[in-house]
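Chemist: Here it is, the structure in full.
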Amino acid sequence: MGEDVRAGRGRGADIGALPGPLVTAGWLAARLGTPGLLVLDASVGAHRGSGTRIAGAGVFDIDGALCDPAAQVPHTMPDAARFTDGMRALGLNDADTVVVYDAAGIYSGARAWWMLRAMGFDRAAVLDGGLPAWTAAGLPVDEGAPGPVPVRGDFTARPRPGLLVDAGTVAEALADPDAAVLDARTRGRFEGTEPEPRAGLRGGHMPGAVSLPFGRLQDEGRMLPPDELRAAFAGAAGDRERLYFSCGSGVTACVLALGAELAGYRGTAVYDGSWSEWGLPSQDRPVVTGPGER
């Protein structure tokens, strides 16, 4: 079974249309090795160094080639030229299909998916359950760093304004009764009762923001069904349909963006700087502690 999949079981078969922004391990396994399908590992932190990858996967480096090296805060989206160069180096063509994943389950893979969307690339999806779901199914993996990409791709970034927003836009959303700013951090970090993992940041949250920890949208590392996702968002945002997402550094906010897409929301946005920017004392932006809105 494993060797069949590794060789691209049914190699040469048409990839077909993506079923949506989320694909299962079975869907990917049936297409692994098919020309025009690019699989990318977007793991960050300790998970990035695990050494185990889906067979044939490249590395979507959110902390390196695919971030802005001059930014004050981590994981910041690079400009179109740097993103284009980074994705071409991974072999991405404009006509390809991409599946992104991470070794934590669904964590930073959603960030890679959102970045591709923000740069005008729609044929991308997140692997539900990530590497843990893949390995639990006994599917083929590679160990160690990937080899060089034989041919650069022809991808060109076409930025879409509004998918990634700045602090000023978020401040306006906080004052807009028709919008909701949802915070994906843990409840303790939101309330200011747990320390921030990044030194120097203030504890608490933006006045008017609502807590929706990204883990509430998952069950054992997989995204909840659409109706349960819709209920989770309605519980946090009420009937507001214009949603903005924030987190610690713009990563798990994209898990909320993925959940909102699956739940049928449209026109959502991610705060790129998130708490790594807003929480800086030098930003002098308002911060409150306690439970906030419910």
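By convention in this document, the chains of the structure tokens carry letters A, B, ... by their order, each chain's residues are numbered from 1, and ligands are numbered from 1 in the order they are shown.
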Any idea what's packed within 7 Å of Gly58 in chain A, counting only C-alpha atoms, ignoring anything in its chain fewer than 2 positions away? Could you give it as a ChimeraX atom specification?

Modeler: /A:39-41,56,60,90,146

Chemist: What's around range 219-227 of chain A at 6 Å? Count only C-alpha atoms, leave out sequence neighbours fewer than 5 positions away in its own chain, and write the answer as a list in words.

Modeler: Gly105, Asp128, Gly129, Leu262 and Ala263 of chain A

Chemist: Write to file, as a short mmCIF file (atom, residue, chain, number, x, y, z; two decimals), in the first residue's frame, the residues of the selection just made, with N, CA and C atoms.

Modeler:
data_model
loop_
_atom_site.label_atom_id
_atom_site.label_comp_id
_atom_site.auth_asym_id
_atom_site.auth_seq_id
_atom_site.Cartn_x
_atom_site.Cartn_y
_atom_site.Cartn_z
N GLY A 105 -0.64 19.25 13.11
CA GLY A 105 -2.03 18.88 12.84
C GLY A 105 -2.63 19.89 11.90
N ASP A 128 -6.24 18.05 6.17
CA ASP A 128 -6.95 17.92 7.44
C ASP A 128 -6.19 16.94 8.35
N GLY A 129 -5.84 17.40 9.53
CA GLY A 129 -5.09 16.56 10.46
C GLY A 129 -3.59 16.60 10.26
N LEU A 262 -14.77 27.39 5.66
CA LEU A 262 -15.53 26.13 5.67
C LEU A 262 -16.95 26.34 6.15
N ALA A 263 -17.14 27.33 7.06
CA ALA A 263 -18.46 27.61 7.62
C ALA A 263 -19.31 28.49 6.72
#

Chemist: Can you pull out the residues contacting Ala167 in chain A? Cut-off 9 Å, using only C-alpha atoms, and skip same-chain residues under 5 positions away; I want them as a PyMOL selection string.

Modeler: chain A and resi 172+271-274+277-278

Chemist: Keeping N, CA and C atoms for every residue in the selection just given, could you write it to a file as a short mmCIF file (atom, residue, chain, number, x, y, z; two decimals), in the first residue's frame?

Modeler:
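Contents of part-v3.cif, freshly written:
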data_model
loop_
_atom_site.label_atom_id
_atom_site.label_comp_id
_atom_site.auth_asym_id
_atom_site.auth_seq_id
_atom_site.Cartn_x
_atom_site.Cartn_y
_atom_site.Cartn_z
N GLU A 172 -10.18 50.17 13.22
CA GLU A 172 -11.46 50.59 12.64
C GLU A 172 -12.51 49.50 12.81
N TYR A 271 -5.22 39.76 10.60
CA TYR A 271 -4.32 40.82 11.06
C TYR A 271 -2.91 40.24 11.04
N ASP A 272 -2.10 40.70 10.11
CA ASP A 272 -0.79 40.11 9.88
C ASP A 272 0.13 40.24 11.10
N GLY A 273 0.19 41.41 11.70
CA GLY A 273 1.07 41.63 12.85
C GLY A 273 0.57 40.98 14.12
N SER A 274 -0.76 40.88 14.25
CA SER A 274 -1.42 40.28 15.41
C SER A 274 -0.83 40.80 16.73
N GLU A 277 2.54 42.57 17.26
CA GLU A 277 2.62 44.00 16.96
C GLU A 277 1.78 44.81 17.93
N TRP A 278 0.49 44.45 18.06
CA TRP A 278 -0.42 45.24 18.90
C TRP A 278 0.05 45.29 20.35
#

Chemist: Write out as a tab-separated table (two decimals) with C-alpha atoms, in the first residue's frame each polymer residue whose atoms come within 7 Å of range 13-29 of chain A, counting only C-alpha atoms; drop sequence neighbours fewer than 3 positions from it.

Modeler:
chain	number	residue	atom	x	y	z
A	5	VAL	CA	1.09	5.65	-2.88
A	10	GLY	CA	-2.48	5.85	-10.52
A	32	LEU	CA	0.51	11.86	-4.56
A	34	THR	CA	0.73	13.28	-9.94
A	124	ALA	CA	-4.48	25.47	-2.60
A	125	ALA	CA	-5.86	23.42	0.27
A	126	VAL	CA	-4.87	22.37	3.78
A	127	LEU	CA	-4.41	18.71	4.71
A	128	ASP	CA	-6.95	17.92	7.44
A	133	ALA	CA	-3.23	12.11	10.26
A	134	TRP	CA	-0.98	11.11	7.36

Chemist: Can you check which residues of range 155-216 of chain A DSSP gives as strand (DSSP E or B) on the backbone and send them as an MDAnalysis selection string?

Modeler: chainID A and resid 164:165 179:183 205 210:211

Chemist: Would you list the contacts of Ala253 in chain A as a PyMOL selection string, taking every protein, DNA or RNA residue within 10 Å and counting only C-alpha atoms, but skipping same-chain residues closer than 2 positions in sequence?

Modeler: chain A and resi 107-108+110-111+114+182-185+212-214+244-251+255-259+269-272+274

Chemist: I need the residues in range 62-279 of chain A that are alpha helix (DSSP H) according to DSSP; give them as a VMD selection string.

Modeler: chain A and resid 80 to 89 109 to 118 130 to 136 167 to 174 187 to 191 226 to 237 253 to 263 274 to 278

Chemist: Which one of A:Val151, A:Ala65, A:Leu174, A:Leu201 sits closest to Ser282 in chain A if you count only C-alpha atoms?

Modeler: A:Leu201

Chemist: Fewer than 6 positions away in the same chain doesn't count, so skip those; otherwise give me all residues within 10 Å of Phe190 in chain A, counting only C-alpha atoms, as a ChimeraX atom specification.

Modeler: /A:183-184,196,203-206,209-213,247-248,275,288-292

Chemist: CA of Pro159 in chain A and CA of Arg117 in chain A, how far apart in Å?

Modeler: 8.5 Å

Chemist: Could you jot down the CA of Ala80 in chain A to CA of Ala157 in chain A separation for me, Å, one decimal place?

Modeler: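 Between these atoms lies a distance of 5.6 Å.
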
Chemist: One decimal, Å: what's the distance from CA of Thr52 in chain A over to CA of Glu143 in chain A, could you say?

Modeler: 4.7 Å

Chemist: Near Val59 in chain A, within 12 Å and counting only C-alpha atoms, which residues show up once chain neighbours fewer than 4 positions away are dropped, as a ChimeraX atom specification?

Modeler: /A:38-44,48-49,51-55,63-66,86-87,89-92,99-103,109,112,144-149
